[in-house]
Amino acid sequence: MFYELYLGSWLSINKFGLGFIIGSVWDPVKGIFGALPLILGTLFTSAIAILISFPISLGIALALSEYMPKQLSNLFFFFVELLAAIPSVIYGLWGIYVLIPFLREVIYPFIQSNFGFIPLFSGPIYGGGFLTTSILLAIMLIPIMSTIMREIFILVPSALKEAAISLGATKWEVISVMISYARLGIIGAIMLGLGRAIGEAMAVSMVIGNKFQLFPSSLFDAWYTMAAILANEFIEAINPLHISALINVGLLLLVINLIVSIIAKIIVRYHLRIIGGIMRE
Amino acid sequence: MNELYSKFRSLKDKIMHILVYLALIIALIPLFSILFEVFIRGISAINLDFFIKPTPAVGEIGGGVANAIQGTLITIGLASIIGVPIGIITGIFLSEYSENKLYTIIRLLNELLNGMPSIVIGLFAYVLIATVVGFSVMAASFALALIMIPIVSITTEEALKLVPASIREAAIALGTSRWKTVIFVALRITKKAIITGILQAIARIAGESAPILVTMGYWKWWFAGLDRPVANLALDIFLFAKSPFENWIVLAWGSALILIIIILSINIVARIIMKERY
């Protein structure tokens, strides 16, 4: 697979080499391609999405596994799992026609009128853009991450909980013991969500505004990601160098994804080994 | 002092309790909103024409997504023909032949494939097939089959591992060879779990649009041969949603409703089959 993608991007690799990664011009007409803005856009939108969705997912996982009565929790869990099955293109459709108008008319003007003095929150509001993309990605990640985290909490040995309870801990103190016990598993869940966010193409290209620039001028400004440019330009590219450059972007995306998932795998394996050790003791 | 501290602890406990439920509510609002909006806006788009007419030209009134439904079924069917047998064989290999030298490599590849962005899988199918044959159903089905394989193989593997050793031993004691034990005894017991896996894989690829885009592109007509593209429901949503044409946008919501109904009902059926097992 690597080899095939390498073959497909040969023209571009041959011409730009490492310059492809640090170049910041994308001009199909002149045949100059550099992917740095795309890489930054991908990493930043995904990172913010994780920041938003992590506390919410953790809350849901705890509510479902610890706080709710079993029947109710099963019902909600069923619902959350179904939501994880909704295709990304439908999230994108909803993003364009429901989320963007809501953010543009209600939330962003409110933020701007109160915190507009901070440079991050100044600048024109288009509706779509950097922050909108992260919010949409966060909404897409919540069902996935909370399902995994719930399973991790269920796996926490009850002896640990009972020990904490017998020391007179409050419910939250018991849970914080559980969280610190399961922290590696939680990090694994985050990495999994990160991998998902990085590779998301359709929904992102529908709301990000598709503007090729190194950094957006504010959180509301448009940007671009690696997967989104593939979704937008691949089908219209005719020039062999352009196609090759896009496949090269795909190759970079694959490399980043593999790094993230291998790190996640190592963390989870390490976590399981620690759990195994505690169980034996 | 001590009393103050214990008050602080119980206060913190209560705050956290509220925050946890708050997280649940915050998350449920957009998620309910998606289902609600798709249902309300989609239902108005659905009429008889929607199911029997192909994509309308720009500016044309009415029309439907019949060609996209046809195309989606063809693509999924072809992908399943390739993906399901390979997935089941991979699952059998992973569960039964763990002493084999290739085991670690296959397992790693399978897991990495599972987490790979679907658009990258699509690009791979493009380089491998579409550069030779052109944008085509073949290339798209190949990409979707690659997405199916890890889902089917992981469920197969997990199901096979749950087959009690006593049943296998009984088969072996009767002189059955190893492969016959797997195929005629273990696979038969786990039939339902494997069907669940296949259904889940189908539900997943029915909603995939990114790999379809890079292997077939947009196609507004009927099926015209395996070496040509076909239309696709999920990809149509993408095309219609980004268009400025009122009529297409309405079709996008209608397609979204159909797609959600199909995917959710496959998932629910899969779940019911799973439950019956116990």
# chains A, B, ... in the order shown; residues from 1 in each chain; ligands from 1
>>> interface_residues(of="chain A", to="chain B", cutoff="6 Å", atoms="only C-alpha atoms", output="PyMOL selection string")
chain A and resi 56+59-60+63+87+172+199+250
>>> write_last_selection(atoms="C-alpha atoms", output="short mmCIF file (atom, residue, chain, number, x, y, z; two decimals), in the first residue's frame")
data_model
loop_
_atom_site.label_atom_id
_atom_site.label_comp_id
_atom_site.auth_asym_id
_atom_site.auth_seq_id
_atom_site.Cartn_x
_atom_site.Cartn_y
_atom_site.Cartn_z
CA ILE A 56 -17.66 15.61 27.41
CA GLY A 59 -18.50 12.71 31.44
CA ILE A 60 -20.75 10.54 29.30
CA ALA A 63 -22.55 8.83 33.61
CA PRO A 87 -22.02 8.59 8.12
CA TRP A 172 -16.28 11.30 43.01
CA GLY A 199 -8.50 11.29 8.51
CA GLY A 250 -2.48 11.08 0.97
#
>>> residues_around(residues="Ala170 (chain B)", least_positions_apart="6", cutoff="12 Å", atoms="only C-alpha atoms", output="list in words")
Pro164, Thr176, Ser177, Arg178, Thr181, Val185 and Ala186 of chain B
>>> atom_distance(atom1="CA of Ser166 (chain B)", atom2="CA of Ile189 (chain B)")
13.0 Å
>>> residues_around(residues="region 44-51 of chain B", least_positions_apart="4", cutoff="10 Å", atoms="only C-alpha atoms", output="number ranges by chain")
B: 39-40, 55, 62-69, 247, 249-255, 257-258
>>> select_by_dssp(residues="region 44-237 of chain A", states="alpha helix (DSSP H)", output="ChimeraX atom specification")
/A:44-62,70-84,88-94,100-102,108-115,130-154,158-166,171-181,183-199,202-207,226-233
>>> residues_around(residues="region 149-163 of chain B", least_positions_apart="3", cutoff="8 Å", atoms="only C-alpha atoms", output="JSON, numbers by chain")
{"B": [83, 84, 86, 87, 88, 89, 90, 91, 92, 94, 95, 110, 111, 113, 114, 145, 146, 167, 168, 186, 187, 189, 190, 193, 194, 197, 198, 200, 201]}
>>> residues_around(residues="Leu103 (chain A)", least_positions_apart="5", cutoff="8 Å", atoms="only C-alpha atoms", output="CSV table (one decimal) with N, CA and C atoms, in the first residue's frame")
chain,number,residue,atom,x,y,z
A,108,TYR,N,-21.1,33.0,17.8
A,108,TYR,CA,-19.9,33.7,17.4
A,108,TYR,C,-20.1,35.2,17.7
A,127,GLY,N,-18.9,32.0,9.5
A,127,GLY,CA,-19.8,30.8,9.9
A,127,GLY,C,-18.9,29.5,9.8
A,132,THR,N,-15.4,26.2,13.8
A,132,THR,CA,-16.6,25.4,13.4
A,132,THR,C,-16.2,24.0,13.1
>>> residues_around(residues="region 41-44 of chain A", least_positions_apart="6", cutoff="8 Å", atoms="only C-alpha atoms", output="VMD selection string")
chain A and resid 198 215 223 to 227
>>> residues_around(residues="Thr196 (chain B)", least_positions_apart="5", cutoff="7 Å", atoms="only C-alpha atoms", output="PyMOL selection string")
chain B and resi 270+273-274
>>> select_by_dssp(residues="region 16-163 of chain A", states="strand (DSSP E)", output="PyMOL selection string")
chain A and resi 26-27+32-33
>>> closest_residue(among="A:Lys265, A:Ala169, A:Ala228, A:Leu241", to="Ile39 (chain A)", atoms="only C-alpha atoms")
A:Ala228
